[in-house]
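Shown next: coords-v7.pdb, given as PDB, C-alpha atoms, pLDDT in the B column.
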ATOM      1  CA  MET A   1     -13.505 -59.948  13.087  1.00 90.00           C
ATOM      2  CA  ALA A   2     -12.907 -62.322  10.196  1.00 94.00           C
ATOM      3  CA  LEU A   3     -12.523 -65.955  11.228  1.00 96.00           C
ATOM      4  CA  ILE A   4     -12.096 -69.487   9.872  1.00 98.00           C
ATOM      5  CA  ARG A   5     -13.225 -72.428  12.056  1.00 98.00           C
ATOM      6  CA  ASN A   6     -13.855 -76.058  11.141  1.00 98.00           C
ATOM      7  CA  ILE A   7     -17.011 -77.792  12.356  1.00 98.00           C
ATOM      8  CA  HIS A   8     -15.054 -81.038  12.890  1.00 97.00           C
ATOM      9  CA  GLU A   9     -12.491 -79.266  15.093  1.00 97.00           C
ATOM     10  CA  THR A  10     -14.894 -77.225  17.227  1.00 98.00           C
ATOM     11  CA  GLU A  11     -16.084 -78.472  20.601  1.00 98.00           C
ATOM     12  CA  MET A  12     -19.808 -79.089  20.774  1.00 98.00           C
ATOM     13  CA  ASN A  13     -21.982 -78.841  23.866  1.00 97.00           C
ATOM     14  CA  GLU A  14     -24.973 -81.012  24.687  1.00 98.00           C
ATOM     15  CA  VAL A  15     -28.229 -79.169  24.110  1.00 96.00           C
ATOM     16  CA  GLN A  16     -29.997 -78.878  27.477  1.00 94.00           C
ATOM     17  CA  MET A  17     -33.602 -78.170  26.599  1.00 93.00           C
ATOM     18  CA  ASP A  18     -36.954 -79.847  27.208  1.00 95.00           C
ATOM     19  CA  GLY A  19     -37.809 -82.305  24.441  1.00 96.00           C
ATOM     20  CA  VAL A  20     -34.220 -82.749  23.248  1.00 97.00           C
ATOM     21  CA  SER A  21     -32.339 -86.046  23.311  1.00 98.00           C
ATOM     22  CA  GLY A  22     -28.842 -86.825  22.038  1.00 98.00           C
ATOM     23  CA  ALA A  23     -28.213 -83.463  20.397  1.00 98.00           C
ATOM     24  CA  SER A  24     -25.135 -81.259  20.681  1.00 98.00           C
ATOM     25  CA  MET A  25     -24.375 -77.841  19.255  1.00 98.00           C
ATOM     26  CA  ALA A  26     -21.595 -75.357  18.574  1.00 98.00           C
ATOM     27  CA  ILE A  27     -22.094 -71.744  17.582  1.00 97.00           C
ATOM     28  CA  MET A  28     -19.729 -71.347  14.623  1.00 98.00           C
ATOM     29  CA  VAL A  29     -20.498 -67.654  14.004  1.00 97.00           C
ATOM     30  CA  GLY A  30     -22.792 -65.754  16.321  1.00 95.00           C
ATOM     31  CA  ARG A  31     -23.395 -62.728  18.521  1.00 93.00           C
ATOM     32  CA  GLY A  32     -20.131 -63.428  20.311  1.00 94.00           C
ATOM     33  CA  ASP A  33     -18.350 -62.850  17.002  1.00 96.00           C
ATOM     34  CA  ASP A  34     -20.263 -59.607  16.423  1.00 94.00           C
ATOM     35  CA  ALA A  35     -22.313 -61.158  13.617  1.00 95.00           C
ATOM     36  CA  PRO A  36     -24.906 -58.423  13.065  1.00 92.00           C
ATOM     37  CA  ASN A  37     -27.770 -60.287  11.379  1.00 93.00           C
ATOM     38  CA  PHE A  38     -27.642 -64.087  11.610  1.00 95.00           C
ATOM     39  CA  ALA A  39     -25.842 -66.904  13.418  1.00 97.00           C
ATOM     40  CA  LEU A  40     -24.535 -70.173  11.953  1.00 98.00           C
ATOM     41  CA  ARG A  41     -24.671 -73.145  14.325  1.00 98.00           C
ATOM     42  CA  SER A  42     -23.441 -76.719  13.900  1.00 98.00           C
ATOM     43  CA  PHE A  43     -25.549 -79.583  15.276  1.00 98.00           C
ATOM     44  CA  GLU A  44     -25.050 -83.302  15.791  1.00 98.00           C
ATOM     45  CA  VAL A  45     -27.920 -85.662  16.631  1.00 98.00           C
ATOM     46  CA  VAL A  46     -26.959 -89.237  17.495  1.00 98.00           C
ATOM     47  CA  ALA A  47     -28.903 -92.382  16.538  1.00 98.00           C
ATOM     48  CA  GLY A  48     -32.258 -92.350  18.332  1.00 98.00           C
ATOM     49  CA  GLY A  49     -31.924 -88.671  19.193  1.00 98.00           C
ATOM     50  CA  HIS A  50     -34.055 -85.675  18.307  1.00 98.00           C
ATOM     51  CA  THR A  51     -34.371 -81.932  18.549  1.00 98.00           C
ATOM     52  CA  PRO A  52     -37.502 -80.484  20.200  1.00 97.00           C
ATOM     53  CA  GLN A  53     -40.818 -80.593  18.391  1.00 98.00           C
ATOM     54  CA  HIS A  54     -41.663 -76.928  18.526  1.00 97.00           C
ATOM     55  CA  GLN A  55     -42.221 -73.664  16.695  1.00 96.00           C
ATOM     56  CA  HIS A  56     -41.072 -70.093  17.227  1.00 94.00           C
ATOM     57  CA  ASP A  57     -41.394 -66.677  15.641  1.00 91.00           C
ATOM     58  CA  TYR A  58     -38.158 -66.852  13.622  1.00 94.00           C
ATOM     59  CA  GLU A  59     -37.060 -68.985  10.692  1.00 96.00           C
ATOM     60  CA  HIS A  60     -34.374 -71.659  10.208  1.00 97.00           C
ATOM     61  CA  GLU A  61     -32.263 -72.241   7.125  1.00 98.00           C
ATOM     62  CA  VAL A  62     -30.662 -75.663   7.503  1.00 98.00           C
ATOM     63  CA  TYR A  63     -27.975 -77.553   5.571  1.00 98.00           C
ATOM     64  CA  VAL A  64     -27.501 -81.292   6.090  1.00 98.00           C
ATOM     65  CA  VAL A  65     -23.757 -82.026   6.212  1.00 98.00           C
ATOM     66  CA  SER A  66     -23.870 -85.812   6.639  1.00 98.00           C
ATOM     67  CA  GLY A  67     -25.904 -88.689   7.982  1.00 98.00           C
ATOM     68  CA  SER A  68     -29.619 -89.046   7.535  1.00 97.00           C
ATOM     69  CA  GLY A  69     -32.832 -88.655   9.476  1.00 98.00           C
ATOM     70  CA  GLN A  70     -36.226 -87.027   9.203  1.00 98.00           C
ATOM     71  CA  VAL A  71     -37.547 -83.533   9.490  1.00 98.00           C
ATOM     72  CA  LEU A  72     -41.098 -82.751  10.609  1.00 98.00           C
ATOM     73  CA  LEU A  73     -42.436 -80.033   8.311  1.00 98.00           C
ATOM     74  CA  ASP A  74     -45.976 -79.280   7.096  1.00 96.00           C
ATOM     75  CA  GLY A  75     -47.216 -81.887   9.584  1.00 97.00           C
ATOM     76  CA  LYS A  76     -45.295 -84.746   7.911  1.00 98.00           C
ATOM     77  CA  ARG A  77     -41.959 -86.512   8.477  1.00 98.00           C
ATOM     78  CA  HIS A  78     -39.660 -86.132   5.440  1.00 98.00           C
ATOM     79  CA  PRO A  79     -36.405 -88.095   4.958  1.00 98.00           C
ATOM     80  CA  ILE A  80     -33.294 -85.889   4.802  1.00 98.00           C
ATOM     81  CA  LYS A  81     -29.745 -86.574   3.623  1.00 98.00           C
ATOM     82  CA  GLY A  82     -26.424 -84.844   2.980  1.00 98.00           C
ATOM     83  CA  GLY A  83     -26.693 -81.840   0.656  1.00 98.00           C
ATOM     84  CA  ASP A  84     -30.294 -81.049   1.603  1.00 98.00           C
ATOM     85  CA  VAL A  85     -31.220 -77.452   2.341  1.00 98.00           C
ATOM     86  CA  ILE A  86     -34.333 -77.059   4.476  1.00 98.00           C
ATOM     87  CA  TYR A  87     -36.271 -73.862   4.977  1.00 98.00           C
ATOM     88  CA  VAL A  88     -38.385 -73.743   8.124  1.00 98.00           C
ATOM     89  CA  PRO A  89     -40.488 -70.567   8.072  1.00 97.00           C
ATOM     90  CA  ALA A  90     -41.335 -68.719  11.272  1.00 95.00           C
ATOM     91  CA  ASN A  91     -44.163 -70.261  13.315  1.00 96.00           C
ATOM     92  CA  GLU A  92     -43.862 -73.625  11.521  1.00 97.00           C
ATOM     93  CA  GLU A  93     -43.764 -76.698  13.756  1.00 98.00           C
ATOM     94  CA  HIS A  94     -40.598 -78.721  13.136  1.00 98.00           C
ATOM     95  CA  GLN A  95     -38.366 -81.427  14.581  1.00 98.00           C
ATOM     96  CA  PHE A  96     -35.246 -83.294  13.479  1.00 98.00           C
ATOM     97  CA  THR A  97     -35.088 -86.990  14.353  1.00 98.00           C
ATOM     98  CA  VAL A  98     -32.612 -89.804  13.727  1.00 98.00           C
ATOM     99  CA  ASP A  99     -33.592 -93.482  13.539  1.00 98.00           C
ATOM    100  CA  ALA A 100     -32.490 -95.578  16.509  1.00 98.00           C
ATOM    101  CA  ASP A 101     -30.722 -98.032  14.182  1.00 97.00           C
ATOM    102  CA  SER A 102     -28.849 -95.373  12.218  1.00 97.00           C
ATOM    103  CA  THR A 103     -25.144 -96.160  11.888  1.00 96.00           C
ATOM    104  CA  GLU A 104     -24.202 -92.497  11.692  1.00 97.00           C
ATOM    105  CA  SER A 105     -25.038 -89.288  13.500  1.00 98.00           C
ATOM    106  CA  LEU A 106     -26.928 -86.569  11.659  1.00 98.00           C
ATOM    107  CA  ARG A 107     -24.780 -83.458  11.209  1.00 98.00           C
ATOM    108  CA  PHE A 108     -26.412 -80.241  10.102  1.00 98.00           C
ATOM    109  CA  LEU A 109     -25.961 -76.494  10.100  1.00 98.00           C
ATOM    110  CA  CYS A 110     -28.794 -74.226  11.204  1.00 98.00           C
ATOM    111  CA  VAL A 111     -28.822 -70.498  10.484  1.00 98.00           C
ATOM    112  CA  VAL A 112     -31.050 -68.252  12.594  1.00 96.00           C
ATOM    113  CA  PRO A 113     -31.521 -64.496  12.778  1.00 94.00           C
ATOM    114  CA  VAL A 114     -29.744 -62.861  15.696  1.00 91.00           C
ATOM    115  CA  GLU A 115     -32.888 -60.980  16.688  1.00 83.00           C
ATOM    116  CA  GLN A 116     -36.422 -62.284  16.869  1.00 74.00           C
ATOM    117  CA  ASN A 117     -39.145 -60.483  14.987  1.00 67.00           C
ATOM    118  CA  CYS A 118     -40.373 -59.117  18.279  1.00 65.00           C
ATOM    119  CA  GLY A 119     -36.978 -57.560  18.860  1.00 69.00           C
ATOM    120  CA  GLY A 120     -35.536 -60.001  21.421  1.00 79.00           C
ATOM    121  CA  LEU A 121     -32.343 -62.007  21.016  1.00 82.00           C
ATOM    122  CA  VAL A 122     -32.719 -65.470  19.453  1.00 82.00           C
ATOM    123  CA  PRO A 123     -31.610 -68.183  21.934  1.00 82.00           C
ATOM    124  CA  GLY A 124     -28.441 -69.947  20.815  1.00 82.00           C
ATOM    125  CA  SER A 125     -27.397 -67.240  18.383  1.00 85.00           C
TER     126      SER A 125
ATOM    127  CA  MET B   1     -43.368 -71.923   2.509  1.00 90.00           C
ATOM    128  CA  ALA B   2     -41.331 -74.783   3.953  1.00 94.00           C
ATOM    129  CA  LEU B   3     -39.049 -76.486   1.453  1.00 96.00           C
ATOM    130  CA  ILE B   4     -36.379 -79.168   1.077  1.00 98.00           C
ATOM    131  CA  ARG B   5     -33.929 -78.896  -1.845  1.00 98.00           C
ATOM    132  CA  ASN B   6     -30.610 -80.661  -2.418  1.00 98.00           C
ATOM    133  CA  ILE B   7     -27.581 -78.660  -3.564  1.00 98.00           C
ATOM    134  CA  HIS B   8     -26.487 -81.551  -5.799  1.00 97.00           C
ATOM    135  CA  GLU B   9     -29.864 -81.670  -7.544  1.00 97.00           C
ATOM    136  CA  THR B  10     -30.355 -77.927  -8.075  1.00 97.00           C
ATOM    137  CA  GLU B  11     -29.364 -76.253 -11.334  1.00 98.00           C
ATOM    138  CA  MET B  12     -26.611 -73.677 -10.964  1.00 98.00           C
ATOM    139  CA  ASN B  13     -26.103 -70.615 -13.129  1.00 97.00           C
ATOM    140  CA  GLU B  14     -22.760 -69.141 -14.141  1.00 98.00           C
ATOM    141  CA  VAL B  15     -22.000 -65.983 -12.176  1.00 96.00           C
ATOM    142  CA  GLN B  16     -21.815 -63.108 -14.670  1.00 94.00           C
ATOM    143  CA  MET B  17     -19.907 -60.400 -12.854  1.00 93.00           C
ATOM    144  CA  ASP B  18     -16.670 -58.468 -13.393  1.00 95.00           C
ATOM    145  CA  GLY B  19     -13.733 -60.225 -11.775  1.00 96.00           C
ATOM    146  CA  VAL B  20     -15.381 -63.661 -11.670  1.00 97.00           C
ATOM    147  CA  SER B  21     -14.091 -66.719 -13.507  1.00 98.00           C
ATOM    148  CA  GLY B  22     -15.408 -70.279 -13.427  1.00 98.00           C
ATOM    149  CA  ALA B  23     -17.997 -69.722 -10.708  1.00 98.00           C
ATOM    150  CA  SER B  24     -21.640 -70.804 -10.673  1.00 98.00           C
ATOM    151  CA  MET B  25     -24.383 -70.262  -8.133  1.00 98.00           C
ATOM    152  CA  ALA B  26     -27.852 -71.360  -7.076  1.00 98.00           C
ATOM    153  CA  ILE B  27     -30.057 -69.556  -4.585  1.00 97.00           C
ATOM    154  CA  MET B  28     -31.214 -72.385  -2.296  1.00 98.00           C
ATOM    155  CA  VAL B  29     -33.376 -70.167  -0.058  1.00 97.00           C
ATOM    156  CA  GLY B  30     -33.851 -66.492  -0.823  1.00 95.00           C
ATOM    157  CA  ARG B  31     -36.206 -63.598  -1.372  1.00 93.00           C
ATOM    158  CA  GLY B  32     -38.098 -65.673  -3.935  1.00 94.00           C
ATOM    159  CA  ASP B  33     -38.959 -68.095  -1.127  1.00 96.00           C
ATOM    160  CA  ASP B  34     -40.081 -65.235   1.140  1.00 94.00           C
ATOM    161  CA  ALA B  35     -37.039 -65.676   3.390  1.00 94.00           C
ATOM    162  CA  PRO B  36     -37.358 -62.555   5.552  1.00 92.00           C
ATOM    163  CA  ASN B  37     -33.829 -62.055   6.853  1.00 93.00           C
ATOM    164  CA  PHE B  38     -31.106 -63.988   5.036  1.00 95.00           C
ATOM    165  CA  ALA B  39     -30.487 -66.017   1.890  1.00 97.00           C
ATOM    166  CA  LEU B  40     -28.545 -69.274   1.545  1.00 98.00           C
ATOM    167  CA  ARG B  41     -26.728 -69.703  -1.763  1.00 98.00           C
ATOM    168  CA  SER B  42     -24.704 -72.630  -3.139  1.00 98.00           C
ATOM    169  CA  PHE B  43     -21.513 -71.908  -5.113  1.00 98.00           C
ATOM    170  CA  GLU B  44     -19.140 -73.959  -7.220  1.00 98.00           C
ATOM    171  CA  VAL B  45     -15.748 -72.643  -8.345  1.00 98.00           C
ATOM    172  CA  VAL B  46     -13.822 -74.826 -10.823  1.00 98.00           C
ATOM    173  CA  ALA B  47     -10.052 -75.354 -10.878  1.00 98.00           C
ATOM    174  CA  GLY B  48      -8.343 -72.071 -11.773  1.00 98.00           C
ATOM    175  CA  GLY B  49     -11.504 -70.089 -11.045  1.00 98.00           C
ATOM    176  CA  HIS B  50     -12.242 -67.346  -8.557  1.00 98.00           C
ATOM    177  CA  THR B  51     -14.923 -65.097  -7.144  1.00 98.00           C
ATOM    178  CA  PRO B  52     -14.404 -61.318  -7.339  1.00 97.00           C
ATOM    179  CA  GLN B  53     -11.854 -59.623  -5.095  1.00 98.00           C
ATOM    180  CA  HIS B  54     -14.132 -57.073  -3.519  1.00 97.00           C
ATOM    181  CA  GLN B  55     -15.842 -55.754  -0.421  1.00 96.00           C
ATOM    182  CA  HIS B  56     -19.356 -54.572   0.363  1.00 94.00           C
ATOM    183  CA  ASP B  57     -21.410 -53.264   3.269  1.00 91.00           C
ATOM    184  CA  TYR B  58     -22.867 -56.635   4.306  1.00 94.00           C
ATOM    185  CA  GLU B  59     -21.346 -59.763   5.761  1.00 96.00           C
ATOM    186  CA  HIS B  60     -20.907 -63.350   4.527  1.00 97.00           C
ATOM    187  CA  GLU B  61     -21.155 -66.536   6.554  1.00 98.00           C
ATOM    188  CA  VAL B  62     -19.649 -69.324   4.468  1.00 98.00           C
ATOM    189  CA  TYR B  63     -19.508 -73.115   4.829  1.00 98.00           C
ATOM    190  CA  VAL B  64     -17.100 -75.154   2.706  1.00 98.00           C
ATOM    191  CA  VAL B  65     -18.907 -78.297   1.517  1.00 98.00           C
ATOM    192  CA  SER B  66     -16.081 -79.958  -0.438  1.00 98.00           C
ATOM    193  CA  GLY B  67     -12.917 -79.333  -2.394  1.00 98.00           C
ATOM    194  CA  SER B  68     -10.217 -76.897  -1.373  1.00 97.00           C
ATOM    195  CA  GLY B  69      -8.941 -73.456  -2.259  1.00 98.00           C
ATOM    196  CA  GLN B  70      -7.989 -70.202  -0.624  1.00 98.00           C
ATOM    197  CA  VAL B  71      -9.844 -67.300   0.858  1.00 98.00           C
ATOM    198  CA  LEU B  72      -8.454 -63.775   0.940  1.00 98.00           C
ATOM    199  CA  LEU B  73      -9.182 -62.330   4.389  1.00 98.00           C
ATOM    200  CA  ASP B  74      -7.277 -59.794   6.504  1.00 96.00           C
ATOM    201  CA  GLY B  75      -5.058 -59.155   3.457  1.00 96.00           C
ATOM    202  CA  LYS B  76      -3.772 -62.754   3.366  1.00 98.00           C
ATOM    203  CA  ARG B  77      -4.650 -65.932   1.439  1.00 98.00           C
ATOM    204  CA  HIS B  78      -5.720 -68.738   3.792  1.00 98.00           C
ATOM    205  CA  PRO B  79      -6.185 -72.383   2.731  1.00 98.00           C
ATOM    206  CA  ILE B  80      -9.755 -73.667   3.132  1.00 98.00           C
ATOM    207  CA  LYS B  81     -11.205 -77.169   3.152  1.00 98.00           C
ATOM    208  CA  GLY B  82     -14.440 -79.066   3.748  1.00 98.00           C
ATOM    209  CA  GLY B  83     -16.047 -78.308   7.099  1.00 98.00           C
ATOM    210  CA  ASP B  84     -14.598 -74.804   7.366  1.00 98.00           C
ATOM    211  CA  VAL B  85     -16.883 -71.974   8.401  1.00 98.00           C
ATOM    212  CA  ILE B  86     -15.676 -68.538   7.332  1.00 98.00           C
ATOM    213  CA  TYR B  87     -16.987 -65.240   8.620  1.00 98.00           C
ATOM    214  CA  VAL B  88     -16.394 -62.267   6.319  1.00 98.00           C
ATOM    215  CA  PRO B  89     -17.480 -59.100   8.143  1.00 97.00           C
ATOM    216  CA  ALA B  90     -19.018 -56.181   6.252  1.00 95.00           C
ATOM    217  CA  ASN B  91     -16.500 -53.977   4.404  1.00 96.00           C
ATOM    218  CA  GLU B  92     -13.783 -56.656   4.530  1.00 97.00           C
ATOM    219  CA  GLU B  93     -11.993 -57.363   1.243  1.00 98.00           C
ATOM    220  CA  HIS B  94     -12.322 -61.037   0.283  1.00 98.00           C
ATOM    221  CA  GLN B  95     -11.976 -63.490  -2.590  1.00 98.00           C
ATOM    222  CA  PHE B  96     -12.297 -67.259  -3.040  1.00 98.00           C
ATOM    223  CA  THR B  97      -9.788 -68.877  -5.401  1.00 98.00           C
ATOM    224  CA  VAL B  98      -9.087 -72.442  -6.531  1.00 98.00           C
ATOM    225  CA  ASP B  99      -5.666 -73.656  -7.717  1.00 98.00           C
ATOM    226  CA  ALA B 100      -5.405 -74.297 -11.439  1.00 98.00           C
ATOM    227  CA  ASP B 101      -4.168 -77.852 -10.772  1.00 97.00           C
ATOM    228  CA  SER B 102      -6.925 -78.719  -8.320  1.00 97.00           C
ATOM    229  CA  THR B 103      -8.572 -82.055  -9.133  1.00 96.00           C
ATOM    230  CA  GLU B 104     -11.892 -80.976  -7.628  1.00 97.00           C
ATOM    231  CA  SER B 105     -14.163 -77.962  -7.705  1.00 98.00           C
ATOM    232  CA  LEU B 106     -14.651 -75.937  -4.543  1.00 98.00           C
ATOM    233  CA  ARG B 107     -18.233 -76.169  -3.286  1.00 98.00           C
ATOM    234  CA  PHE B 108     -19.407 -73.765  -0.626  1.00 98.00           C
ATOM    235  CA  LEU B 109     -22.515 -72.206   0.842  1.00 98.00           C
ATOM    236  CA  CYS B 110     -22.675 -68.452   1.410  1.00 98.00           C
ATOM    237  CA  VAL B 111     -25.309 -66.826   3.605  1.00 98.00           C
ATOM    238  CA  VAL B 112     -26.043 -63.121   3.136  1.00 96.00           C
ATOM    239  CA  PRO B 113     -28.614 -60.780   4.650  1.00 94.00           C
ATOM    240  CA  VAL B 114     -31.560 -60.062   2.373  1.00 91.00           C
ATOM    241  CA  GLU B 115     -31.188 -56.325   2.947  1.00 83.00           C
ATOM    242  CA  GLN B 116     -28.035 -54.250   2.948  1.00 74.00           C
ATOM    243  CA  ASN B 117     -27.284 -52.062   5.917  1.00 67.00           C
ATOM    244  CA  CYS B 118     -28.261 -49.054   3.833  1.00 65.00           C
ATOM    245  CA  GLY B 119     -31.682 -50.612   3.305  1.00 70.00           C
ATOM    246  CA  GLY B 120     -31.275 -51.862  -0.284  1.00 79.00           C
ATOM    247  CA  LEU B 121     -31.674 -55.455  -1.425  1.00 82.00           C
ATOM    248  CA  VAL B 122     -28.516 -57.572  -1.416  1.00 83.00           C
ATOM    249  CA  PRO B 123     -27.678 -58.778  -4.964  1.00 82.00           C
ATOM    250  CA  GLY B 124     -28.088 -62.523  -5.343  1.00 82.00           C
ATOM    251  CA  SER B 125     -30.289 -62.931  -2.282  1.00 85.00           C
TER     252      SER B 125
END
Target encoding structure tokens, full file:
Amino acid sequence: MALIRNIHETEMNEVQMDGVSGASMAIMVGRGDDAPNFALRSFEVVAGGHTPQHQHDYEHEVYVVSGSGQVLLDGKRHPIKGGDVIYVPANEEHQFTVDADSTESLRFLCVVPVEQNCGGLVPGS
Amino acid sequence: MALIRNIHETEMNEVQMDGVSGASMAIMVGRGDDAPNFALRSFEVVAGGHTPQHQHDYEHEVYVVSGSGQVLLDGKRHPIKGGDVIYVPANEEHQFTVDADSTESLRFLCVVPVEQNCGGLVPGS
């Protein structure tokens, strides 16, 4: 069903996962909305927080809404800012981090396929 | 390959398509980047402009970056603003429009599957 939802008006839930600190997430469009191919999630990482340093067999397409931080990609930490689009291919190690002295949270969107390449459902889609 | 590109620093091309006025687009991540499942495109629609009023057999997941306008969905025009996420299911008629007296362009991201349900390649992916 068609829908319109605002990321600033949608409740986010803390991400409970090993290696995660100070990150929350809301599924904006996902399996629960009958999205057939990909899910769009909204994330917030507070100052000093980070997503897990990991890799998996599906890709991310990320858009940085606001704030700043770093992304681990190709074995290096790269600064990121609002307006950046980041492509994380499958099986690429990655992590989003925010400096402890940042005055603003990092807000980003992360699109994932609904199904993994092996045929299973992508967590958080 | 992993990449980081900013939507404000990426050249956009005018959308040449029947029923389109004042719209430009850049593929931020797509088939050309070996994205296997979905493509993330950046759009700008100027005051008085619009995307085509149409439908197709694949879905859109849209994020409004800035500006304001309307989206046709469920047969009605709905106001849209920064932070809105819009899900346009497959085969749902839709159009994005911007008021002629708007002081700002509408900027949005639109994610599409790389392949149509019938197995063909999605245009602009």
Per residue of chain B within 6 Å of chain A, note the shortest atom pair and the distance in Å to one decimal, counting only C-alpha atoms, and order the rows by chain and increasing residue number, as CSV.
residue,atom,partner,partner_atom,distance
B:Ala2,CA,A:Val88,CA,5.2
B:Leu3,CA,A:Tyr87,CA,5.2
B:Ile4,CA,A:Ile86,CA,4.5
B:Arg5,CA,A:Val85,CA,5.2
B:Asn6,CA,A:Asp84,CA,4.1
B:Ile7,CA,A:Gly83,CA,5.4
B:Gly83,CA,A:Asn6,CA,5.1
B:Asp84,CA,A:Asn6,CA,4.0
B:Val85,CA,A:Arg5,CA,5.2
B:Ile86,CA,A:Ile4,CA,4.5
B:Tyr87,CA,A:Leu3,CA,5.2
B:Val88,CA,A:Ala2,CA,5.2
B:Pro89,CA,A:Ala2,CA,6.0
Convert the current residue selection to file output with C-alpha atoms, as a PDB file, in the frame of the given file.
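Printed below is result23.pdb as written:
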ATOM      1  CA  ALA B   2     -41.331 -74.783   3.953  1.00 94.00           C
ATOM      2  CA  LEU B   3     -39.049 -76.486   1.453  1.00 96.00           C
ATOM      3  CA  ILE B   4     -36.379 -79.168   1.077  1.00 98.00           C
ATOM      4  CA  ARG B   5     -33.929 -78.896  -1.845  1.00 98.00           C
ATOM      5  CA  ASN B   6     -30.610 -80.661  -2.418  1.00 98.00           C
ATOM      6  CA  ILE B   7     -27.581 -78.660  -3.564  1.00 98.00           C
ATOM      7  CA  GLY B  83     -16.047 -78.308   7.099  1.00 98.00           C
ATOM      8  CA  ASP B  84     -14.598 -74.804   7.366  1.00 98.00           C
ATOM      9  CA  VAL B  85     -16.883 -71.974   8.401  1.00 98.00           C
ATOM     10  CA  ILE B  86     -15.676 -68.538   7.332  1.00 98.00           C
ATOM     11  CA  TYR B  87     -16.987 -65.240   8.620  1.00 98.00           C
ATOM     12  CA  VAL B  88     -16.394 -62.267   6.319  1.00 98.00           C
ATOM     13  CA  PRO B  89     -17.480 -59.100   8.143  1.00 97.00           C
TER      14      PRO B  89
END
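Selection by the PyMOL selection byres ((chain B and resi 19) around 12) on the present file picks out Val15, Gln16, Met17, Asp18, Val20, Ser21, Gly22, Ala23, Gly49, His50, Thr51, Pro52, Gln53, His54, Gln95, Phe96 and Thr97 of chain B.
Counting from CA of Arg31 in chain B, the distance to CA of Glu44 in chain B is 20.8 Å.
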- Task: Calculate how many Å separate CA of His56 in chain B from CA of Ala100 in chain B, rounding to one decimal.
- Result: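 Rounded to one decimal, the two atoms are 26.9 Å apart.
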- Task: For the structure shown, which residues end up in the PyMOL selection byres ((chain A and resi 101) around 8)? Put them as a list in words, please?
- Result: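 Applied to this file, the PyMOL selection byres ((chain A and resi 101) around 8) returns Ala47, Gly48, Asp99, Ala100, Ser102 and Thr103 of chain A.
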- Take CA of Gly75 in chain A and CA of Glu93 in chain A and report the distance between them in Å, one decimal. 7.5 Å
With the PyMOL selection byres ((chain A and resi 13) around 7) as the selection, what would be picked from this file? Answer as a compact mmCIF listing (two decimals) with C-alpha atoms, keeping the file's coordinate frame, please.
# COMPACT_ATOMS: atom_id res chain seq x y z
CA GLU A 11 -16.08 -78.47 20.60
CA MET A 12 -19.81 -79.09 20.77
CA GLU A 14 -24.97 -81.01 24.69
CA VAL A 15 -28.23 -79.17 24.11
CA SER A 24 -25.14 -81.26 20.68
CA MET A 25 -24.38 -77.84 19.26
CA ALA A 26 -21.60 -75.36 18.57
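Proximity to Gln116 in chain A was assessed for A:Ser68, A:Arg77, A:Asn91, A:Phe43 counting all atoms listed in the file; the smallest distance is recorded for A:Asn91.
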Around all the atoms of range 112-117 of chain A listed in the file, draw an axis-aligned box and extend it by 3 Å on each of the six sides; I want its centre and edge lengths in Å to one decimal, as AutoDock Vina command-line options.
--center_x -34.4 --center_y -64.4 --center_z 14.7 --size_x 15.4 --size_y 13.8 --size_z 10.3
